[in-house]
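Shown here: data-v6.txt, compact mmCIF, C-alpha atoms.
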```txt
# COMPACT_ATOMS: atom_id res chain seq x y z
CA MET E 1 176.18 116.18 -33.40
CA LEU E 2 177.26 113.41 -31.07
CA HIS E 3 174.70 110.87 -29.99
CA THR E 4 175.33 108.81 -26.86
CA TRP E 5 172.97 105.86 -27.06
CA LYS E 6 171.72 104.21 -23.89
CA VAL E 7 170.23 101.27 -25.72
CA ARG E 8 171.70 98.61 -27.97
CA GLU E 9 170.37 97.20 -31.22
CA ASP E 10 169.66 93.88 -29.54
CA ASP E 11 167.57 95.72 -26.93
CA LEU E 12 165.54 97.16 -29.81
CA SER E 13 164.72 93.83 -31.42
CA PRO E 14 161.20 93.72 -32.92
CA ALA E 15 161.12 89.97 -32.24
CA LEU E 16 161.85 90.58 -28.55
CA SER E 17 159.14 93.22 -28.38
CA GLN E 18 156.59 90.97 -30.10
CA GLY E 19 157.42 88.11 -27.75
CA GLN E 20 157.00 90.29 -24.69
CA ARG E 21 153.64 91.57 -25.97
CA GLU E 22 152.41 88.01 -26.41
CA ASP E 23 153.64 87.15 -22.91
CA GLY E 24 151.75 90.14 -21.53
CA GLN E 25 154.93 91.90 -20.43
CA ALA E 26 155.09 95.62 -21.02
CA ALA E 27 158.73 96.30 -20.19
CA ALA E 28 160.91 96.12 -23.28
CA LEU E 29 164.18 97.17 -21.65
CA PRO E 30 165.83 96.48 -18.30
CA GLN E 31 164.81 99.09 -15.74
CA GLY E 32 168.38 100.31 -15.38
CA GLU E 33 168.45 101.30 -19.03
CA ARG E 34 165.22 103.27 -18.71
CA GLU E 35 166.42 105.80 -16.17
CA ASN E 36 166.87 109.42 -17.18
CA GLY E 37 164.90 109.01 -20.42
CA ILE E 38 164.52 106.40 -23.08
CA ILE E 39 167.24 107.44 -25.47
CA ARG E 40 169.64 110.16 -24.51
CA TRP E 41 171.68 112.09 -26.99
CA GLU E 42 173.90 115.07 -26.45
CA ASP E 43 174.25 117.75 -29.07
CA GLU E 44 177.81 118.90 -29.45
CA GLY E 45 177.54 120.49 -32.87
CA GLY E 46 178.01 118.97 -36.29
CA SER E 47 175.69 117.04 -38.56
CA PRO E 48 174.34 114.44 -39.08
CA PRO E 49 173.89 112.58 -35.78
CA GLU E 50 176.41 109.86 -35.13
CA ALA E 51 174.69 106.70 -33.95
CA ILE E 52 176.37 103.64 -32.55
CA PRO E 53 174.51 100.84 -30.78
CA VAL E 54 176.53 100.65 -27.56
CA ARG E 55 175.96 101.92 -24.06
CA ARG E 56 177.66 105.11 -22.91
CA ALA E 57 180.15 105.15 -25.76
CA GLU E 58 181.27 108.09 -27.81
CA ALA E 59 180.75 107.89 -31.56
CA ARG E 60 183.97 108.34 -33.48
CA ILE E 61 182.47 108.00 -36.95
CA ASN E 62 179.10 108.82 -38.45
CA GLY E 63 176.43 106.18 -38.17
CA PHE E 64 175.68 104.11 -41.28
CA LEU E 65 172.31 103.60 -42.94
CA GLU E 66 171.83 100.24 -41.28
CA ASP E 67 172.37 101.81 -37.85
CA TYR E 68 169.52 104.22 -38.47
CA SER E 69 167.11 101.86 -40.20
CA TYR E 70 167.55 99.01 -37.71
CA VAL E 71 167.05 101.28 -34.71
CA ILE E 72 164.01 102.97 -36.28
CA GLU E 73 162.41 99.56 -36.83
CA GLY E 74 163.18 98.57 -33.25
CA LEU E 75 161.80 101.80 -31.80
CA LEU E 76 158.54 101.36 -33.69
CA ALA E 77 158.26 97.79 -32.41
CA ILE E 78 158.82 98.85 -28.81
CA TYR E 79 156.30 101.69 -29.12
CA GLN E 80 153.69 99.10 -30.08
CA VAL E 81 154.39 97.23 -26.85
CA GLU E 82 154.67 100.07 -24.35
CA PHE E 83 152.75 102.83 -26.19
CA ASP E 84 154.99 105.47 -24.71
CA PRO E 85 154.97 108.22 -27.37
CA ARG E 86 158.64 108.97 -26.75
CA TRP E 87 159.51 105.75 -28.58
CA TYR E 88 157.50 106.91 -31.58
CA GLN E 89 159.00 110.40 -31.51
CA ALA E 90 162.53 109.03 -31.37
CA ALA E 91 161.77 106.83 -34.39
CA GLN E 92 160.37 109.72 -36.40
CA ASP E 93 163.28 112.00 -35.51
CA LEU E 94 165.77 109.38 -36.67
CA ALA E 95 163.77 108.70 -39.83
CA ASP E 96 163.75 112.37 -40.79
CA THR E 97 167.50 112.56 -40.18
CA MET E 98 168.03 109.42 -42.28
CA ILE E 99 166.01 110.90 -45.14
CA THR E 100 167.88 114.20 -45.01
CA HIS E 101 171.38 112.77 -44.96
CA PHE E 102 171.20 109.37 -46.71
CA ARG E 103 168.59 109.71 -49.46
CA ALA E 104 169.85 108.94 -52.97
CA PRO E 105 168.65 110.64 -56.15
CA GLY E 106 166.03 108.55 -57.89
CA GLY E 107 165.03 106.59 -54.79
CA GLY E 108 166.58 104.56 -52.01
CA PHE E 109 169.48 105.50 -49.79
CA TYR E 110 173.25 105.55 -49.64
CA ASP E 111 174.99 103.53 -46.95
CA THR E 112 176.88 106.61 -45.74
CA SER E 113 175.70 110.09 -44.82
CA ASP E 114 176.29 113.13 -46.95
CA ASP E 115 179.13 114.34 -44.74
CA HIS E 116 180.79 110.99 -44.12
CA GLU E 117 184.54 110.75 -44.62
CA GLY E 118 185.50 111.11 -48.27
CA LEU E 119 185.23 107.94 -50.35
CA ILE E 120 186.02 107.30 -54.00
CA VAL E 121 182.52 105.89 -54.48
CA ARG E 122 179.68 106.42 -52.03
CA PRO E 123 178.45 102.87 -51.26
CA ARG E 124 174.87 101.80 -51.77
CA ASP E 125 174.29 98.15 -50.93
CA ILE E 126 170.87 96.80 -51.84
CA GLN E 127 171.28 93.04 -51.41
CA ASP E 128 170.18 91.31 -48.22
CA ASN E 129 172.69 88.91 -46.71
CA ALA E 130 172.78 87.24 -43.30
CA THR E 131 171.23 90.47 -42.06
CA PRO E 132 168.91 92.78 -44.02
CA SER E 133 170.47 95.56 -46.05
CA GLY E 134 170.14 99.07 -44.70
CA ASN E 135 168.07 100.01 -47.75
CA ALA E 136 165.57 97.17 -47.32
CA MET E 137 165.16 97.89 -43.64
CA ALA E 138 164.78 101.61 -44.33
CA ALA E 139 161.95 100.91 -46.78
CA THR E 140 160.26 98.59 -44.27
CA ALA E 141 160.55 101.04 -41.40
CA LEU E 142 159.29 104.01 -43.42
CA LEU E 143 156.19 102.11 -44.55
CA LYS E 144 155.34 101.31 -40.93
CA LEU E 145 156.15 104.78 -39.68
CA ALA E 146 153.79 106.23 -42.29
CA GLY E 147 150.77 104.64 -40.64
CA LEU E 148 151.53 106.03 -37.19
CA ALA E 149 152.55 109.42 -38.55
CA VAL E 150 149.65 109.64 -41.03
CA GLU E 151 152.28 110.81 -43.49
CA PRO E 152 152.00 109.69 -47.14
CA ARG E 153 155.50 111.02 -47.84
CA TYR E 154 157.00 108.10 -45.94
CA VAL E 155 154.97 105.67 -48.05
CA GLU E 156 156.22 107.35 -51.22
CA LEU E 157 159.85 107.08 -50.10
CA GLY E 158 159.45 103.43 -49.11
CA GLU E 159 157.74 102.48 -52.35
CA GLU E 160 160.26 104.48 -54.34
CA ALA E 161 163.06 102.42 -52.79
CA ILE E 162 161.24 99.15 -53.53
CA ALA E 163 160.63 100.15 -57.15
CA GLY E 164 164.37 100.52 -57.65
CA VAL E 165 165.01 96.83 -56.90
CA GLN E 166 161.74 95.29 -58.07
CA SER E 167 163.29 93.64 -61.12
CA PHE E 168 165.62 91.63 -58.85
CA LEU E 169 163.01 90.32 -56.45
CA GLY E 170 161.50 87.67 -58.69
CA GLN E 171 164.86 86.61 -60.14
CA TYR E 172 166.86 86.39 -56.92
CA PRO E 173 164.41 86.09 -54.01
CA LEU E 174 166.93 84.48 -51.66
CA GLY E 175 169.13 87.55 -51.89
CA PHE E 176 166.33 90.03 -51.26
CA GLY E 177 164.40 88.58 -48.35
CA GLN E 178 163.82 91.81 -46.44
CA TRP E 179 162.86 93.59 -49.64
CA LEU E 180 160.15 90.97 -50.15
CA VAL E 181 158.91 91.66 -46.62
CA ALA E 182 158.73 95.36 -47.46
CA LEU E 183 156.97 94.67 -50.78
CA ASP E 184 154.47 92.37 -49.09
CA TYR E 185 153.69 95.07 -46.54
CA ALA E 186 153.29 97.74 -49.20
CA LEU E 187 150.95 95.62 -51.33
CA SER E 188 148.79 94.54 -48.39
CA HIS E 189 147.15 97.94 -47.85
CA PRO E 190 148.22 97.81 -44.20
CA ARG E 191 145.80 98.77 -41.48
CA GLU E 192 146.35 101.63 -39.06
CA ILE E 193 144.58 100.90 -35.77
CA ALA E 194 144.03 103.68 -33.24
CA ILE E 195 142.73 102.66 -29.82
CA VAL E 196 141.62 105.56 -27.64
CA GLY E 197 140.99 104.87 -23.99
CA GLU E 198 142.59 105.17 -20.61
CA PRO E 199 145.82 103.15 -20.76
CA GLY E 200 145.55 100.07 -18.59
CA ALA E 201 141.76 100.23 -18.34
CA PRO E 202 140.02 96.88 -18.92
CA ASP E 203 138.08 98.07 -21.98
CA THR E 204 141.24 99.49 -23.55
CA ARG E 205 143.19 96.30 -22.86
CA ALA E 206 140.40 94.18 -24.33
CA LEU E 207 140.48 96.12 -27.59
CA LEU E 208 144.27 95.94 -27.71
CA GLU E 209 144.20 92.17 -27.26
CA ALA E 210 141.69 91.87 -30.08
CA ALA E 211 143.87 94.04 -32.33
CA THR E 212 147.13 92.22 -31.68
CA GLY E 213 145.96 88.64 -31.24
CA GLY E 214 147.06 86.12 -33.84
CA PHE E 215 149.40 86.74 -36.75
CA ARG E 216 148.79 90.25 -38.07
CA PRO E 217 151.94 91.46 -39.85
CA HIS E 218 150.26 94.13 -41.97
CA GLN E 219 149.26 96.69 -39.39
CA VAL E 220 150.45 99.27 -36.90
CA VAL E 221 148.72 100.00 -33.60
CA ALA E 222 148.64 103.16 -31.51
CA VAL E 223 147.09 103.48 -28.05
CA GLY E 224 146.43 106.68 -26.12
CA ALA E 225 144.03 108.60 -23.96
CA PRO E 226 141.00 110.12 -25.73
CA GLY E 227 140.43 113.78 -26.48
CA GLN E 228 143.84 114.61 -27.93
CA GLU E 229 143.33 117.14 -30.69
CA VAL E 230 147.09 117.39 -31.07
CA ALA E 231 148.54 113.98 -30.20
CA ALA E 232 152.18 112.98 -29.90
CA VAL E 233 151.30 110.09 -32.24
CA PRO E 234 149.28 111.61 -35.11
CA LEU E 235 147.21 108.47 -35.69
CA LEU E 236 145.50 109.20 -32.35
CA ALA E 237 144.75 112.86 -33.01
CA GLY E 238 141.12 113.98 -32.96
CA ARG E 239 139.71 110.55 -32.11
CA PRO E 240 137.25 110.58 -29.19
CA ALA E 241 136.02 107.78 -27.00
CA VAL E 242 132.44 106.62 -27.63
CA ASP E 243 129.93 107.22 -24.82
CA GLY E 244 132.74 107.09 -22.29
CA GLN E 245 134.03 103.75 -23.56
CA ALA E 246 137.36 102.95 -25.17
CA ALA E 247 137.06 102.88 -28.95
CA ALA E 248 139.06 101.42 -31.81
CA TYR E 249 139.39 103.10 -35.19
CA VAL E 250 140.49 100.88 -38.08
CA CYS E 251 141.97 102.79 -40.99
CA GLU E 252 143.37 101.75 -44.34
CA ASP E 253 145.29 104.03 -46.67
CA PHE E 254 144.60 106.82 -44.15
CA SER E 255 140.81 106.42 -44.48
CA CYS E 256 139.02 105.25 -41.31
CA GLN E 257 135.88 103.28 -40.62
CA ALA E 258 133.40 104.08 -37.85
CA PRO E 259 134.77 103.29 -34.38
CA VAL E 260 133.89 100.12 -32.50
CA THR E 261 133.84 99.60 -28.73
CA GLU E 262 133.57 95.81 -28.42
CA PRO E 263 136.49 93.41 -28.94
CA GLU E 264 134.24 91.10 -30.98
CA GLY E 265 133.31 93.95 -33.29
CA LEU E 266 136.95 94.90 -33.72
CA GLY E 267 137.93 91.31 -34.45
CA ALA E 268 135.22 91.02 -37.08
CA LEU E 269 136.29 94.29 -38.65
CA LEU E 270 139.89 93.15 -38.87
CA GLU E 271 138.91 89.84 -40.40
CA GLN E 272 136.76 91.62 -42.94
CA SER E 273 139.45 94.12 -43.94
CA GLY E 274 142.21 91.51 -43.83
```
Could the structure of this file be written out as structure tokens, please?
Amino acid sequence: MLHTWKVREDDLSPALSQGQREDGQAAALPQGERENGIIRWEDEGGSPPEAIPVRRAEARINGFLEDYSYVIEGLLAIYQVEFDPRWYQAAQDLADTMITHFRAPGGGFYDTSDDHEGLIVRPRDIQDNATPSGNAMAATALLKLAGLAVEPRYVELGEEAIAGVQSFLGQYPLGFGQWLVALDYALSHPREIAIVGEPGAPDTRALLEAATGGFRPHQVVAVGAPGQEVAAVPLLAGRPAVDGQAAAYVCEDFSCQAPVTEPEGLGALLEQSG
């Protein structure tokens, strides 16, 4: 399967997405890169997908774990700026492929796919360096994806990977920075926030600003129109508006509190659960 990516890893930067959200800008990519779909891949047979972070280039080797995990993290970040469900779906598709072809027995992931070119030893790097290791980023991304997907299996896989390196984190923290980020997220009982309302409507925007204002690293946010029994983003499924008003549902460990319709009420709820 040959994937032709129309976005680059630097286009998928979570930091860029966060900055644009704080600046009130919705567009995460240049308009020219958004034509004909968000991410375009062409199936030409073979497995697993080959992913390379360049524009209009043909993959000549299979993608590595870090290619998958970095792009998944970026896609999730961009979804939480634009709230286009295609970003979320692309992230989940890549995550499922990563799990299928990179997962290692006993937890964590190999750096190469199960049909990569033959190697004497299949590499499995766990230490973070100037950039996070593919394993640490995979654990981080899966923990975040779990909240949007309402899928405990992703939590189990992320925590399983963290457990495999836990003995190193206290001894060598400088070499496991991204792992510590993943551990912090896992231990925080992250919140899953679903905002149902007409996208762009003032009441929806007010709730979104309340949910994303300030420093809130331990949460994921989904926004969509109400009345979706089967939603593209599962966190939104089956959540109605309240008396015609946009509503926010704050969940933790997949258990949700009663919805609120006022930004002040949402802010108080987040402070209380934080």
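Coordinates place CA of Ala90 in chain E at a distance of 12.3 Å from CA of Ser69 in chain E.
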Distance criterion (all atoms listed in the file): nearest to His101 in chain E out of E:Gly118, E:Pro259, E:Gly200, E:Gly63
E:Gly63
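Nearest to Pro132 in chain E of all the residues E:Val165, E:Val181, E:Leu148, E:Ile99 is E:Val181, counting all atoms listed in the file.
Interatomic distance, CA of Lys144 in chain E against CA of Phe254 in chain E: 12.5 Å.
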Which centre and edge lengths in Å to one decimal define the box along x, y and z that fits every listed atom of range 251-258 of chain E plus 6 Å per side, as lines of an AutoDock Vina configuration file?
```
center_x = 139.3
center_y = 104.3
center_z = -42.3
size_x = 23.9
size_y = 17.1
size_z = 20.8
```
Pick out the residues sitting within 10 Å of Asp84 in chain E, and hand them over as JSON, numbers by chain; count all atoms listed in the file, and ignore anything fewer than 5 positions along from it in its own chain.
{"E": [38, 78, 79, 89, 222, 223, 224, 232, 233]}
Report, in Å to a single decimal, how far apart CA of Ala231 in chain E and CA of Gln245 in chain E are.
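Going from CA of Gln245 in chain E over to CA of Ala231 in chain E, I get 19.0 Å.
Shortest separation to Gln272 in chain E among E:Val242, E:Pro234, E:Arg191, E:Gln80 occurs at residue E:Arg191, atoms counted being only C-alpha atoms.
With only C-alpha atoms as the atoms that count, the minimum distance from Leu145 in chain E to the choices E:Phe102, E:Tyr88, E:Tyr249, E:Phe83 is reached by E:Tyr88.
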Can you pull out every residue within 10 Å of Leu142 in chain E, counting all atoms listed in the file, but drop anything in the same chain fewer than 2 positions away, and send it as a PyMOL selection string?
chain E and resi 69+72-73+91-92+95-96+99+137-140+144-147+149+151-159+182
